[in-house]
Amino acid sequence: MMMEVCDHPSDEKSLAEYVRNVTASPFLVRTYMVVDDPATDEVISWNADGTTFIVWQTAEFARDLLPTLFKHSNFSSFIRQLNTYGFRKVATSRWEFSNEMFRKGEKDQLCEIRRRRACQNAAPKLSDHQHQISDEDQRSSSTSSSSEYTSLICENKRLRKENGVLNFELEITKKKCKQLLELVAVCEGDAEKEEENYEHEGPMLFGVRLMEVQRGLDHKKRKRVEVN
């Protein structure tokens, strides 16, 4: 609990009233702590100039933060508590709340915030239509979070599938490269053999060694000489 001296007792105030005035509400202190904590900025944080605070993710806030602060997970109860301390919702498109005494860096102002009495200045009850809108907003937020999670799972599966296809194509490419290298090696070997044969047996003409042709011609000449 945070204690701040906001004013001094006077003849017109009782000691009990003074003690209440110098003590900030535990609800306000805990709310300020979670709003001001940088670790929770993705879920709840100050606005740009620190004059309001915004609950960015209502489902996560109710599930993860409310139980640690107030021992419940009811977002509507949290809003009702804000209403009793004079907070007002300042945006229609998001859960943004404002109180003139609830400002970033001004913790000493928390003890100036008074809880409204039930019989006086009570926060107006929400109509059935407003309750329906509130419930729909919470369900929409929860559905949005669930949808984002499902989308991430689907995207992960798709990437894994694409990765498998790429690995398969890579293996095929490796095999083709290996076969090509083997073919090149065989061709180089055949070329070396032909070069060796050329050196030992001479050139070829229409697939016949010229040396063999010359031998045939010499043999015919010898036969003619013998006959003559």
# chains A, B, ... in the order shown; residues from 1 in each chain; ligands from 1
$ residues_around --residues "segment 75-90 of chain A" --least-positions-apart "4" --cutoff "8 Å" --atoms "only C-alpha atoms" --output "MDAnalysis selection string"
chainID A and resid 58 61:62 66 95:99 113:117 122:123
$ write_last_selection --atoms "C-alpha atoms" --output "mmCIF file, in the first residue's frame"
data_model
loop_
_atom_site.group_PDB
_atom_site.id
_atom_site.type_symbol
_atom_site.label_atom_id
_atom_site.label_comp_id
_atom_site.auth_asym_id
_atom_site.auth_seq_id
_atom_site.Cartn_x
_atom_site.Cartn_y
_atom_site.Cartn_z
ATOM 1 C CA THR A 58 -8.472 -7.335 -22.743
ATOM 2 C CA PHE A 61 -5.224 -8.638 -19.237
ATOM 3 C CA ALA A 62 -8.117 -10.529 -17.636
ATOM 4 C CA LEU A 66 -6.077 -9.382 -13.049
ATOM 5 C CA TRP A 95 -10.473 0.515 -23.804
ATOM 6 C CA GLU A 96 -8.899 3.848 -22.862
ATOM 7 C CA PHE A 97 -9.597 5.394 -19.450
ATOM 8 C CA SER A 98 -8.948 8.796 -17.935
ATOM 9 C CA ASN A 99 -8.923 10.410 -14.507
ATOM 10 C CA ILE A 113 -8.923 10.217 -5.989
ATOM 11 C CA ARG A 114 -12.038 9.519 -3.931
ATOM 12 C CA ARG A 115 -14.270 6.515 -4.200
ATOM 13 C CA ARG A 116 -17.804 7.526 -5.052
ATOM 14 C CA ARG A 117 -20.516 6.684 -2.555
ATOM 15 C CA ALA A 122 -23.043 6.785 -8.508
ATOM 16 C CA ALA A 123 -21.828 5.770 -11.898
#
$ residues_around --residues "Val43 of chain A" --least-positions-apart "2" --cutoff "8 Å" --atoms "only C-alpha atoms" --output "PyMOL selection string"
chain A and resi 40-41+45+55-58+60-61
$ write_last_selection --atoms "all heavy atoms" --output "PDB file, in the first residue's frame"
ATOM      1  N   THR A  40       4.591  -4.850 -19.140  1.00  0.00           N
ATOM      2  CA  THR A  40       3.214  -5.156 -19.543  1.00  0.00           C
ATOM      3  C   THR A  40       2.693  -4.215 -20.623  1.00  0.00           C
ATOM      4  O   THR A  40       1.490  -4.160 -20.870  1.00  0.00           O
ATOM      5  CB  THR A  40       2.278  -5.066 -18.313  1.00  0.00           C
ATOM      6  OG1 THR A  40       2.290  -3.713 -17.813  1.00  0.00           O
ATOM      7  CG2 THR A  40       2.728  -6.022 -17.215  1.00  0.00           C
ATOM      8  N   ASP A  41       3.581  -3.468 -21.270  1.00  0.00           N
ATOM      9  CA  ASP A  41       3.149  -2.447 -22.233  1.00  0.00           C
ATOM     10  C   ASP A  41       2.357  -3.019 -23.403  1.00  0.00           C
ATOM     11  O   ASP A  41       1.531  -2.319 -23.996  1.00  0.00           O
ATOM     12  CB  ASP A  41       4.358  -1.680 -22.773  1.00  0.00           C
ATOM     13  CG  ASP A  41       4.835  -0.616 -21.788  1.00  0.00           C
ATOM     14  OD1 ASP A  41       4.150  -0.410 -20.770  1.00  0.00           O
ATOM     15  OD2 ASP A  41       5.895   0.001 -22.031  1.00  0.00           O
ATOM     16  N   SER A  45      -0.910  -0.005 -20.980  1.00  0.00           N
ATOM     17  CA  SER A  45       0.141   1.013 -20.903  1.00  0.00           C
ATOM     18  C   SER A  45      -0.472   2.407 -20.880  1.00  0.00           C
ATOM     19  O   SER A  45      -1.671   2.579 -21.106  1.00  0.00           O
ATOM     20  CB  SER A  45       1.096   0.890 -22.095  1.00  0.00           C
ATOM     21  OG  SER A  45       0.447   1.316 -23.289  1.00  0.00           O
ATOM     22  N   VAL A  55      -6.007  -0.393 -22.176  1.00  0.00           N
ATOM     23  CA  VAL A  55      -5.925  -1.856 -22.123  1.00  0.00           C
ATOM     24  C   VAL A  55      -5.947  -2.345 -23.562  1.00  0.00           C
ATOM     25  O   VAL A  55      -6.984  -2.359 -24.215  1.00  0.00           O
ATOM     26  CB  VAL A  55      -7.086  -2.470 -21.321  1.00  0.00           C
ATOM     27  CG1 VAL A  55      -6.942  -3.987 -21.255  1.00  0.00           C
ATOM     28  CG2 VAL A  55      -7.140  -1.881 -19.918  1.00  0.00           C
ATOM     29  N   TRP A  56      -4.794  -2.728 -24.068  1.00  0.00           N
ATOM     30  CA  TRP A  56      -4.669  -3.101 -25.482  1.00  0.00           C
ATOM     31  C   TRP A  56      -5.235  -4.495 -25.750  1.00  0.00           C
ATOM     32  O   TRP A  56      -5.820  -4.736 -26.801  1.00  0.00           O
ATOM     33  CB  TRP A  56      -3.198  -3.058 -25.901  1.00  0.00           C
ATOM     34  CG  TRP A  56      -2.557  -1.719 -25.763  1.00  0.00           C
ATOM     35  CD1 TRP A  56      -1.697  -1.305 -24.786  1.00  0.00           C
ATOM     36  CD2 TRP A  56      -2.725  -0.589 -26.636  1.00  0.00           C
ATOM     37  NE1 TRP A  56      -1.319  -0.006 -24.969  1.00  0.00           N
ATOM     38  CE2 TRP A  56      -1.931   0.464 -26.112  1.00  0.00           C
ATOM     39  CE3 TRP A  56      -3.458  -0.364 -27.792  1.00  0.00           C
ATOM     40  CZ2 TRP A  56      -1.851   1.719 -26.703  1.00  0.00           C
ATOM     41  CZ3 TRP A  56      -3.383   0.887 -28.387  1.00  0.00           C
ATOM     42  CH2 TRP A  56      -2.591   1.903 -27.855  1.00  0.00           C
ATOM     43  N   GLN A  57      -5.031  -5.394 -24.812  1.00  0.00           N
ATOM     44  CA  GLN A  57      -5.472  -6.782 -25.001  1.00  0.00           C
ATOM     45  C   GLN A  57      -6.295  -7.193 -23.775  1.00  0.00           C
ATOM     46  O   GLN A  57      -5.734  -7.598 -22.755  1.00  0.00           O
ATOM     47  CB  GLN A  57      -4.267  -7.705 -25.186  1.00  0.00           C
ATOM     48  CG  GLN A  57      -3.389  -7.340 -26.371  1.00  0.00           C
ATOM     49  CD  GLN A  57      -2.211  -8.262 -26.544  1.00  0.00           C
ATOM     50  OE1 GLN A  57      -2.323  -9.479 -26.360  1.00  0.00           O
ATOM     51  NE2 GLN A  57      -1.072  -7.717 -26.897  1.00  0.00           N
ATOM     52  N   THR A  58      -7.606  -7.084 -23.896  1.00  0.00           N
ATOM     53  CA  THR A  58      -8.472  -7.335 -22.743  1.00  0.00           C
ATOM     54  C   THR A  58      -8.442  -8.792 -22.302  1.00  0.00           C
ATOM     55  O   THR A  58      -8.474  -9.070 -21.099  1.00  0.00           O
ATOM     56  CB  THR A  58      -9.918  -6.932 -23.076  1.00  0.00           C
ATOM     57  OG1 THR A  58     -10.358  -7.657 -24.248  1.00  0.00           O
ATOM     58  CG2 THR A  58     -10.005  -5.444 -23.364  1.00  0.00           C
ATOM     59  N   GLU A  60      -5.981 -11.053 -22.580  1.00  0.00           N
ATOM     60  CA  GLU A  60      -4.730 -11.341 -21.884  1.00  0.00           C
ATOM     61  C   GLU A  60      -4.669 -10.622 -20.537  1.00  0.00           C
ATOM     62  O   GLU A  60      -4.163 -11.162 -19.551  1.00  0.00           O
ATOM     63  CB  GLU A  60      -3.539 -10.926 -22.747  1.00  0.00           C
ATOM     64  CG  GLU A  60      -3.280 -11.826 -23.941  1.00  0.00           C
ATOM     65  CD  GLU A  60      -4.263 -11.614 -25.078  1.00  0.00           C
ATOM     66  OE1 GLU A  60      -5.125 -10.694 -24.952  1.00  0.00           O
ATOM     67  OE2 GLU A  60      -4.197 -12.349 -26.076  1.00  0.00           O
ATOM     68  N   PHE A  61      -5.205  -9.401 -20.485  1.00  0.00           N
ATOM     69  CA  PHE A  61      -5.224  -8.638 -19.237  1.00  0.00           C
ATOM     70  C   PHE A  61      -6.055  -9.362 -18.176  1.00  0.00           C
ATOM     71  O   PHE A  61      -5.632  -9.502 -17.018  1.00  0.00           O
ATOM     72  CB  PHE A  61      -5.793  -7.243 -19.494  1.00  0.00           C
ATOM     73  CG  PHE A  61      -5.926  -6.401 -18.268  1.00  0.00           C
ATOM     74  CD1 PHE A  61      -4.806  -5.879 -17.632  1.00  0.00           C
ATOM     75  CD2 PHE A  61      -7.178  -6.115 -17.743  1.00  0.00           C
ATOM     76  CE1 PHE A  61      -4.931  -5.098 -16.492  1.00  0.00           C
ATOM     77  CE2 PHE A  61      -7.312  -5.333 -16.604  1.00  0.00           C
ATOM     78  CZ  PHE A  61      -6.184  -4.824 -15.982  1.00  0.00           C
TER      79      PHE A  61
END
$ atom_distance --atom1 "atom CA of Lys161 of chain A" --atom2 "atom CA of Leu180 of chain A"
28.9 Å
$ atom_distance --atom1 "atom CA of Tyr32 of chain A" --atom2 "atom CA of Met101 of chain A"
11.2 Å
$ select_by_dssp --residues "segment 32-101 of chain A" --states "strand (DSSP E)" --output "NGL selection string"
:A and (44-46 or 52-55 or 88-89 or 95-98)
$ write_last_selection --atoms "N, CA and C atoms" --output "JSON list (two decimals), in the first residue's frame"
[["chain", "number", "residue", "atom", "x", "y", "z"],
["A", 44, "ILE", "N", -1.20, -3.50, -21.40],
["A", 44, "ILE", "CA", -1.76, -2.28, -20.82],
["A", 44, "ILE", "C", -0.64, -1.26, -20.66],
["A", 45, "SER", "N", -0.91, 0.00, -20.98],
["A", 45, "SER", "CA", 0.14, 1.01, -20.90],
["A", 45, "SER", "C", -0.47, 2.41, -20.88],
["A", 46, "TRP", "N", 0.37, 3.40, -20.62],
["A", 46, "TRP", "CA", -0.03, 4.80, -20.74],
["A", 46, "TRP", "C", -0.22, 5.16, -22.21],
["A", 52, "THR", "N", -3.73, 9.24, -19.98],
["A", 52, "THR", "CA", -4.71, 8.15, -19.90],
["A", 52, "THR", "C", -3.97, 6.83, -19.94],
["A", 53, "PHE", "N", -4.69, 5.76, -19.68],
["A", 53, "PHE", "CA", -4.09, 4.44, -19.89],
["A", 53, "PHE", "C", -5.01, 3.59, -20.76],
["A", 54, "ILE", "N", -4.42, 2.63, -21.45],
["A", 54, "ILE", "CA", -5.14, 1.84, -22.45],
["A", 54, "ILE", "C", -4.92, 0.37, -22.18],
["A", 55, "VAL", "N", -6.01, -0.39, -22.18],
["A", 55, "VAL", "CA", -5.92, -1.86, -22.12],
["A", 55, "VAL", "C", -5.95, -2.34, -23.56],
["A", 88, "ARG", "N", -13.29, 7.54, -16.59],
["A", 88, "ARG", "CA", -14.25, 7.51, -17.70],
["A", 88, "ARG", "C", -13.56, 6.97, -18.95],
["A", 89, "LYS", "N", -14.35, 6.29, -19.75],
["A", 89, "LYS", "CA", -13.85, 5.74, -21.01],
["A", 89, "LYS", "C", -13.84, 6.86, -22.05],
["A", 95, "TRP", "N", -10.23, 0.39, -25.24],
["A", 95, "TRP", "CA", -10.47, 0.52, -23.80],
["A", 95, "TRP", "C", -9.46, 1.50, -23.21],
["A", 96, "GLU", "N", -9.77, 2.79, -23.35],
["A", 96, "GLU", "CA", -8.90, 3.85, -22.86],
["A", 96, "GLU", "C", -9.63, 4.63, -21.77],
["A", 97, "PHE", "N", -8.95, 4.80, -20.62],
["A", 97, "PHE", "CA", -9.60, 5.39, -19.45],
["A", 97, "PHE", "C", -8.81, 6.61, -18.96],
["A", 98, "SER", "N", -9.57, 7.55, -18.38],
["A", 98, "SER", "CA", -8.95, 8.80, -17.94],
["A", 98, "SER", "C", -9.48, 9.21, -16.57]]
